[in-house]
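Only one structure is covered here, and it is reproduced in the block below.
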Amino acid sequence: MRYNAPKGTTDILPDTARKWQYLESKAANMFKNYGYEPIITPIFEHTEVFTRSIGISTDIVQKEMYTFKDKAGRSLTLRPEGTAPVIRAYVNNNMQQLPQPVKLYYMGPMFRYERPQAGRYRQFWQIGVEAIGSDDPALDAESILLMINYFKSLGLKGLTLYINSMGCDKDRPKYMELLREYAEANRKRLCKDCQKRIDLNPLRLFDCKDESCQLVMKDAPKLLNYLEVDCRKHFNMVKRYLEMQKIEYIVKPELVRGLDYYTKTTFEVISPFLGAQNAIGGGGRYDKLVEEFGGSPTPGIGFAIGTERLAIAVEKEGAFDSIEDRMDVFIAVADQSAKPNAIDILYALREAGISADIDYMGRSLKAQLKYANRRGFKYTVFIGPEELEKKRVAVRNMETGEQIEINIDELIKVMRDIVMERF
Ligand SMILES: [Zn+2]
Ligand SMILES: [Zn+2]
């Protein structure tokens, strides 16, 4: 019986997985540089972790969650995003006792039951950071700068940064009333989902991909124009910090980012390769979220990057070309009688930090060379009874065909010199 991967999932094969690993290790280095530490939370959580935080009226909670009952009848959900679990962990592990802000990053799969389409999967990967415990606008700017500088370090160009402020509890009530009135007046032009959203949370109307809805929302009142003085000051400081670092941005008042927990700053980065709808990364401030999880009032900000989309953009920019994925040494065995000695040398090379492999398929010498070429080994070392007797082995540079003979006792040292010097 043969099985396919479940609908909406895909196998990440070595050529792609290697690129993702590269993206993740570059991210880990840069995040550390900015003071962020790794955290790993469970793949599934109590369903309420997401319904309470992301919001009942969002598409994620209404249509896209992988929710199931476990054997004890508990309702669990595969995480559709990374922020809520990190905040749950922050409260759960008393991280409020630690020096603040607590700066964390995560990488891993997320799950949303969406209609599968090109480049969108039900299991998808994200790289994200959260900084919890400070409402300093300099930290908002740091979060934005970290994302932008990470993208730049990967060679991405032509990025567009959108920013917005969604204000706080003080700004919302008056504005929501205006928005609801506006949406009500345009009810007939809105899709069925949006008509329902008017009462649940009219902010969600900005998320709708329906053309008619987008047209209506273009002229809707924008929260940004209804901020009281504190939030306006905060937003102005964020912009100032970005300007000081010479980061260009566009203020986009429609940017509400699909989740209910955002307050104040929200942001999104668009790559020219992915189309205007598809951000490679985005985030925002969530000053009420820790309270939702039973912690004392604690502000926070973070972002998430879609690994698949990031990989597409980096690929199009040609920036994966520098990844060195070739093996150093292939050991070609001229005769099976020499294999035990050859295996000895194989492990000695590996011990010395040289990547090396050998034939395990009983290939002829000719077939071994063909295999070494196909796998892209840089060098081949020939080992046979004759070589062992003379204590001299031939080393072939697979690119140039150039061949040298060296003393078998010096093989490891010489190979290390060659490999380290050249690459
Ligand atoms: Zn405010
Ligand atoms: Zn709609």
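Note on naming: chains are A, B, ... as they come in the structure tokens, residues start from 1 per chain, ligands start from 1 in the order shown.
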Counting only C-alpha atoms and all ligand atoms, which residues in chain A sit no more than 10 Å from ligand 2? For each one, give the nearest pair of atoms and the distance in Å, sorted by chain then residue number, as a Markdown table.
| residue | atom | partner | partner_atom_place_in_ligand_line | distance |
| --- | --- | --- | --- | --- |
| A:Arg189 | CA | ligand 2 | 1 (Zn) | 8.8 |
| A:Leu190 | CA | ligand 2 | 1 (Zn) | 5.4 |
| A:Cys191 | CA | ligand 2 | 1 (Zn) | 4.3 |
| A:Lys192 | CA | ligand 2 | 1 (Zn) | 6.7 |
| A:Asp193 | CA | ligand 2 | 1 (Zn) | 5.7 |
| A:Cys194 | CA | ligand 2 | 1 (Zn) | 4.3 |
| A:Gln195 | CA | ligand 2 | 1 (Zn) | 7.4 |
| A:Lys196 | CA | ligand 2 | 1 (Zn) | 9.4 |
| A:Arg197 | CA | ligand 2 | 1 (Zn) | 8.7 |
| A:Arg204 | CA | ligand 2 | 1 (Zn) | 8.9 |
| A:Leu205 | CA | ligand 2 | 1 (Zn) | 6.2 |
| A:Phe206 | CA | ligand 2 | 1 (Zn) | 8.3 |
| A:Asp207 | CA | ligand 2 | 1 (Zn) | 7.9 |
| A:Cys208 | CA | ligand 2 | 1 (Zn) | 4.6 |
| A:Lys209 | CA | ligand 2 | 1 (Zn) | 6.6 |
| A:Asp210 | CA | ligand 2 | 1 (Zn) | 5.1 |
| A:Glu211 | CA | ligand 2 | 1 (Zn) | 7.9 |
| A:Ser212 | CA | ligand 2 | 1 (Zn) | 7.4 |
| A:Cys213 | CA | ligand 2 | 1 (Zn) | 4.7 |
| A:Gln214 | CA | ligand 2 | 1 (Zn) | 7.4 |
| A:Leu215 | CA | ligand 2 | 1 (Zn) | 10.0 |
| A:Val216 | CA | ligand 2 | 1 (Zn) | 9.4 |
| A:Met217 | CA | ligand 2 | 1 (Zn) | 9.5 |
Return as CSV the residues of region 29-65 of chain A lying at most 8 Å from region 74-82 of chain A, together with the closest atom-to-atom pair for each and the distance in Å to one decimal, counting only C-alpha atoms, with rows in chain order and ascending residue number.
residue,atom,partner,partner_atom,distance
A:Ile43,CA,A:Arg79,CA,5.8
A:Phe44,CA,A:Leu78,CA,4.3
A:Glu45,CA,A:Thr77,CA,5.6
A:His46,CA,A:Leu76,CA,4.6
A:Thr47,CA,A:Leu76,CA,4.8
A:Phe50,CA,A:Arg79,CA,7.8
A:Ile60,CA,A:Pro80,CA,7.5
A:Met65,CA,A:Pro80,CA,6.6
Using N, CA, C and O atoms, can you export the residues from the last selection as a compact mmCIF listing (two decimals), in the first residue's frame?
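Writing the result to part-v5.txt gives the following:
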# COMPACT_ATOMS: atom_id res chain seq x y z
N ILE A 43 3.40 21.63 20.31
CA ILE A 43 2.73 21.78 19.02
C ILE A 43 1.23 21.96 19.22
O ILE A 43 0.57 22.60 18.44
N PHE A 44 0.67 21.37 20.29
CA PHE A 44 -0.77 21.58 20.56
C PHE A 44 -0.96 22.18 21.94
O PHE A 44 -0.11 22.05 22.82
N GLU A 45 -2.07 22.89 22.08
CA GLU A 45 -2.40 23.61 23.31
C GLU A 45 -3.88 23.40 23.61
O GLU A 45 -4.63 22.95 22.74
N HIS A 46 -4.29 23.74 24.81
CA HIS A 46 -5.73 23.79 25.09
C HIS A 46 -6.37 24.77 24.11
O HIS A 46 -5.83 25.86 23.91
N THR A 47 -7.49 24.38 23.53
CA THR A 47 -8.13 25.18 22.49
C THR A 47 -8.34 26.63 22.92
O THR A 47 -8.16 27.56 22.13
N PHE A 50 -6.07 29.65 22.13
CA PHE A 50 -6.19 30.36 20.85
C PHE A 50 -7.51 31.12 20.72
O PHE A 50 -7.54 32.23 20.22
N ILE A 60 -9.21 32.60 11.56
CA ILE A 60 -8.44 31.48 12.13
C ILE A 60 -9.33 30.67 13.06
O ILE A 60 -9.47 29.45 12.91
N MET A 65 -9.01 26.23 12.48
CA MET A 65 -8.24 25.54 13.53
C MET A 65 -8.35 24.02 13.43
O MET A 65 -9.41 23.48 13.15
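Neighbours of ligand 1 at a cut-off of 6 Å, computed so that only C-alpha atoms and all ligand atoms are counted, are the residues A:Gly167, A:Cys168, A:Lys170, A:Asp171, A:Leu227, A:Glu228, A:Asp230, A:Cys231.
What separates CA of Arg240 (chain A) from CA of Asp136 (chain A) is a distance of 12.9 Å.
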Item to check | Non-local contacts of Met176 (chain A) (9 Å; only C-alpha atoms; under 5 positions in same chain excluded) as number ranges by chain | outcome: A: 171, 181, 201-203, 223
Would you mind exporting the chosen residues as a PDB file, in the first residue's frame, restricted to N, CA and C atoms?
ATOM      1  N   ASP A 171      -8.850  54.286  22.883  1.00  0.00           N
ATOM      2  CA  ASP A 171      -9.169  54.811  21.544  1.00  0.00           C
ATOM      3  C   ASP A 171     -10.287  54.038  20.868  1.00  0.00           C
ATOM      4  N   GLU A 181     -21.215  51.897  12.421  1.00  0.00           N
ATOM      5  CA  GLU A 181     -22.205  52.720  11.712  1.00  0.00           C
ATOM      6  C   GLU A 181     -21.915  52.738  10.210  1.00  0.00           C
ATOM      7  N   ASN A 201     -17.064  41.910  15.398  1.00  0.00           N
ATOM      8  CA  ASN A 201     -15.897  42.784  15.473  1.00  0.00           C
ATOM      9  C   ASN A 201     -15.662  43.412  14.097  1.00  0.00           C
ATOM     10  N   PRO A 202     -16.161  44.633  13.921  1.00  0.00           N
ATOM     11  CA  PRO A 202     -16.089  45.251  12.588  1.00  0.00           C
ATOM     12  C   PRO A 202     -14.651  45.485  12.096  1.00  0.00           C
ATOM     13  N   LEU A 203     -13.677  45.448  13.006  1.00  0.00           N
ATOM     14  CA  LEU A 203     -12.274  45.601  12.573  1.00  0.00           C
ATOM     15  C   LEU A 203     -11.890  44.509  11.573  1.00  0.00           C
ATOM     16  N   LEU A 223      -8.787  53.768  12.263  1.00  0.00           N
ATOM     17  CA  LEU A 223      -8.454  53.883  13.685  1.00  0.00           C
ATOM     18  C   LEU A 223      -7.313  54.878  13.923  1.00  0.00           C
TER      19      LEU A 223
END
Any chance you could list, as a CSV table (one decimal) with N, CA, C and O atoms, in the first residue's frame, the residues in region 250-371 of chain A that come up strand (DSSP E) when DSSP is run on the backbone?
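New file out_32.csv:
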chain,number,residue,atom,x,y,z
A,250,ILE,N,5.9,52.9,5.0
A,250,ILE,CA,4.7,53.5,4.5
A,250,ILE,C,3.6,53.3,5.6
A,250,ILE,O,3.5,52.2,6.1
A,251,VAL,N,3.0,54.4,6.0
A,251,VAL,CA,1.9,54.2,7.0
A,251,VAL,C,0.7,53.7,6.3
A,251,VAL,O,0.2,54.3,5.3
A,263,THR,N,-2.5,45.7,19.7
A,263,THR,CA,-2.7,47.0,20.1
A,263,THR,C,-1.6,47.9,19.6
A,263,THR,O,-0.5,47.3,19.3
A,264,LYS,N,-1.8,49.1,19.5
A,264,LYS,CA,-0.7,50.1,19.0
A,264,LYS,C,-0.1,49.6,17.7
A,264,LYS,O,-0.7,49.2,16.8
A,265,THR,N,1.3,49.5,17.8
A,265,THR,CA,2.0,49.3,16.5
A,265,THR,C,1.7,47.9,15.8
A,265,THR,O,1.7,46.9,16.5
A,266,THR,N,1.4,48.0,14.6
A,266,THR,CA,1.4,46.7,13.7
A,266,THR,C,2.3,47.0,12.5
A,266,THR,O,2.5,48.2,12.1
A,267,PHE,N,2.8,46.0,12.0
A,267,PHE,CA,3.7,46.1,10.8
A,267,PHE,C,3.8,44.9,9.9
A,267,PHE,O,3.4,43.8,10.4
A,268,GLU,N,4.2,45.1,8.7
A,268,GLU,CA,4.2,44.0,7.7
A,268,GLU,C,5.3,44.3,6.7
A,268,GLU,O,5.5,45.5,6.3
A,269,VAL,N,5.9,43.3,6.2
A,269,VAL,CA,6.9,43.5,5.1
A,269,VAL,C,6.5,42.7,3.9
A,269,VAL,O,6.2,41.5,4.0
A,270,ILE,N,6.5,43.4,2.8
A,270,ILE,CA,6.1,42.8,1.5
A,270,ILE,C,7.4,42.7,0.6
A,270,ILE,O,8.2,43.6,0.5
A,279,ALA,N,2.5,39.1,2.6
A,279,ALA,CA,3.6,39.5,3.4
A,279,ALA,C,4.6,38.4,3.7
A,279,ALA,O,4.2,37.3,3.8
A,280,ILE,N,5.9,38.7,3.7
A,280,ILE,CA,6.8,37.6,4.2
A,280,ILE,C,6.9,37.6,5.7
A,280,ILE,O,7.3,36.6,6.3
A,281,GLY,N,6.5,38.7,6.3
A,281,GLY,CA,6.6,38.7,7.7
A,281,GLY,C,5.7,39.9,8.3
A,281,GLY,O,5.5,40.9,7.5
A,282,GLY,N,5.3,39.8,9.5
A,282,GLY,CA,4.5,40.9,10.1
A,282,GLY,C,4.4,40.6,11.6
A,282,GLY,O,4.6,39.6,12.1
A,283,GLY,N,4.0,41.7,12.2
A,283,GLY,CA,3.8,41.5,13.7
A,283,GLY,C,3.2,42.8,14.3
A,283,GLY,O,2.6,43.6,13.6
A,284,GLY,N,3.3,42.9,15.6
A,284,GLY,CA,2.7,44.0,16.3
A,284,GLY,C,2.8,43.9,17.8
A,284,GLY,O,3.2,42.9,18.3
A,285,ARG,N,2.2,44.9,18.4
A,285,ARG,CA,2.2,45.0,19.9
A,285,ARG,C,0.9,44.3,20.4
A,285,ARG,O,-0.1,44.3,19.7
A,300,GLY,N,3.8,43.7,25.4
A,300,GLY,CA,4.7,42.9,24.6
A,300,GLY,C,4.6,43.2,23.1
A,300,GLY,O,3.6,43.9,22.6
A,301,ILE,N,5.6,42.8,22.4
A,301,ILE,CA,5.6,43.0,20.9
A,301,ILE,C,6.4,41.9,20.2
A,301,ILE,O,7.4,41.4,20.8
A,302,GLY,N,6.0,41.5,19.0
A,302,GLY,CA,6.7,40.5,18.3
A,302,GLY,C,6.3,40.4,16.9
A,302,GLY,O,5.5,41.2,16.4
A,303,PHE,N,7.0,39.5,16.2
A,303,PHE,CA,6.6,39.3,14.8
A,303,PHE,C,6.8,37.8,14.4
A,303,PHE,O,7.4,37.0,15.1
A,304,ALA,N,6.2,37.5,13.2
A,304,ALA,CA,6.4,36.1,12.7
A,304,ALA,C,6.7,36.2,11.2
A,304,ALA,O,6.2,37.1,10.5
A,305,ILE,N,7.6,35.3,10.7
A,305,ILE,CA,8.0,35.3,9.3
A,305,ILE,C,7.5,33.9,8.8
A,305,ILE,O,7.7,32.9,9.4
A,306,GLY,N,6.9,33.9,7.6
A,306,GLY,CA,6.6,32.7,7.0
A,306,GLY,C,7.8,32.1,6.3
A,306,GLY,O,8.3,32.6,5.3
A,329,VAL,N,35.1,14.5,0.9
A,329,VAL,CA,35.9,13.4,0.4
A,329,VAL,C,35.0,12.1,0.2
A,329,VAL,O,34.2,11.7,1.1
A,330,PHE,N,35.2,11.5,-1.0
A,330,PHE,CA,34.6,10.2,-1.2
A,330,PHE,C,35.8,9.2,-1.2
A,330,PHE,O,36.8,9.5,-1.8
A,331,ILE,N,35.6,8.1,-0.5
A,331,ILE,CA,36.6,7.1,-0.5
A,331,ILE,C,36.2,6.0,-1.5
A,331,ILE,O,35.2,5.3,-1.3
A,332,ALA,N,37.0,5.9,-2.6
A,332,ALA,CA,36.7,4.9,-3.6
A,332,ALA,C,37.6,3.6,-3.2
A,332,ALA,O,38.8,3.7,-3.0
A,333,VAL,N,36.9,2.5,-3.2
A,333,VAL,CA,37.6,1.3,-2.8
A,333,VAL,C,37.8,0.4,-4.0
A,333,VAL,O,36.8,0.0,-4.7
A,356,ALA,N,32.9,13.0,4.9
A,356,ALA,CA,33.4,11.9,4.0
A,356,ALA,C,32.3,10.8,4.0
A,356,ALA,O,31.5,10.6,4.9
A,357,ASP,N,32.4,10.0,2.9
A,357,ASP,CA,31.5,8.9,2.7
A,357,ASP,C,32.1,7.8,1.8
A,357,ASP,O,33.2,8.1,1.2
A,358,ILE,N,31.4,6.7,1.8
A,358,ILE,CA,32.0,5.5,1.1
A,358,ILE,C,30.9,4.8,0.4
A,358,ILE,O,29.7,5.1,0.7
Next on the checklist: Let me make sure I understand: among A:Val393, A:Leu13, A:Val91, A:Met327, which one has the smallest atom-to-atom distance to Arg350 (chain A) if we use only C-alpha atoms?
Outcome noted: A:Met327
Next on the checklist: If we count only C-alpha atoms and set the cut-off at 8 Å, which residues sit around Pro297 (chain A), ignoring sequence neighbours fewer than 4 positions away in its own chain? Please answer as a VMD selection string.
Outcome noted: chain A and resid 287 to 288 290 to 291
Please produce an output containing C-alpha atoms for each residue in the selection, written as a tab-separated table (two decimals), in the first residue's frame.
chain	number	residue	atom	x	y	z
A	287	ASP	CA	-0.33	44.92	25.43
A	288	LYS	CA	-3.43	43.04	26.72
A	290	VAL	CA	-0.55	38.57	29.10
A	291	GLU	CA	-3.65	39.55	31.11
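For Ala183 (chain A), the set of protein, DNA and RNA residues having any atom at most 8 Å away, when counting only C-alpha atoms and skipping those fewer than 3 positions along the same chain, is A:Leu179, A:Arg180, A:Asn186, A:Arg187, A:Ile198, A:Pro202, A:Ala220.
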Next on the checklist: If I take CA of Lys218 (chain A) and CA of Gln117 (chain A), how far is one from the other in Å, to one decimal?
Outcome noted: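 Going from CA of Lys218 (chain A) over to CA of Gln117 (chain A) covers 26.6 Å.
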Checklist outcome for this item: note - CA of Glu410 (chain A) and CA of Gly376 (chain A) are separated by 24.3 Å
Item to check | Neighbour list for region 137-142 of chain A as an NGL selection string, cut-off 12 Å, only C-alpha atoms, skip fewer than 3 positions in-chain | outcome: :A and (31 or 33-36 or 100-103 or 129-134 or 145-150 or 163-165 or 230-247 or 249 or 263-267 or 283-287 or 299-303)
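When only C-alpha atoms are used to compute distances to Lys316 (chain A), the closest of the residues A:Leu388, A:Ala394, A:Leu156, A:Ala185 turns out to be A:Leu156.
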Next on the checklist: Please list as a PyMOL selection string every residue within 12 Å of Leu23 (chain A), counting only C-alpha atoms and excluding residues in the same chain fewer than 2 positions away.
Outcome noted: chain A and resi 16-21+25-30+107+125-127+150-151+153-155+305-315+319-320+323
Checklist entry - What residues in region 37-175 of chain A get the DSSP label helix (DSSP H, G or I)? Please answer as a VMD selection string. => result chain A and resid 47 to 54 59 to 64 83 to 92 95 to 97 137 to 153 172 to 175
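In terms of minimum interatomic distance to Glu317 (chain A), A:Gly158 ranks closest within A:Gly158, A:Pro99, A:Gly295, A:Gly258, counting only C-alpha atoms.
Of the residues under consideration (A:Glu177, A:Leu224, A:Asn93, A:Leu411), A:Leu224 shows the shortest atom-to-atom contact distance to Leu255 (chain A) when counting only C-alpha atoms.
Minimum atom-to-atom distance to Ser364 (chain A), evaluated using only C-alpha atoms, belongs to A:Asp335 out of A:Glu64, A:Glu24, A:Asp335, A:Asp199.
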Next on the checklist: So, with only C-alpha atoms as the atoms that count, which of A:Lys69, A:Arg416, A:Arg396, A:Lys339 lies closest to Ile383 (chain A)?
Outcome noted: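 When distances to Ile383 (chain A) are compared using only C-alpha atoms, the smallest one comes from A:Lys339.
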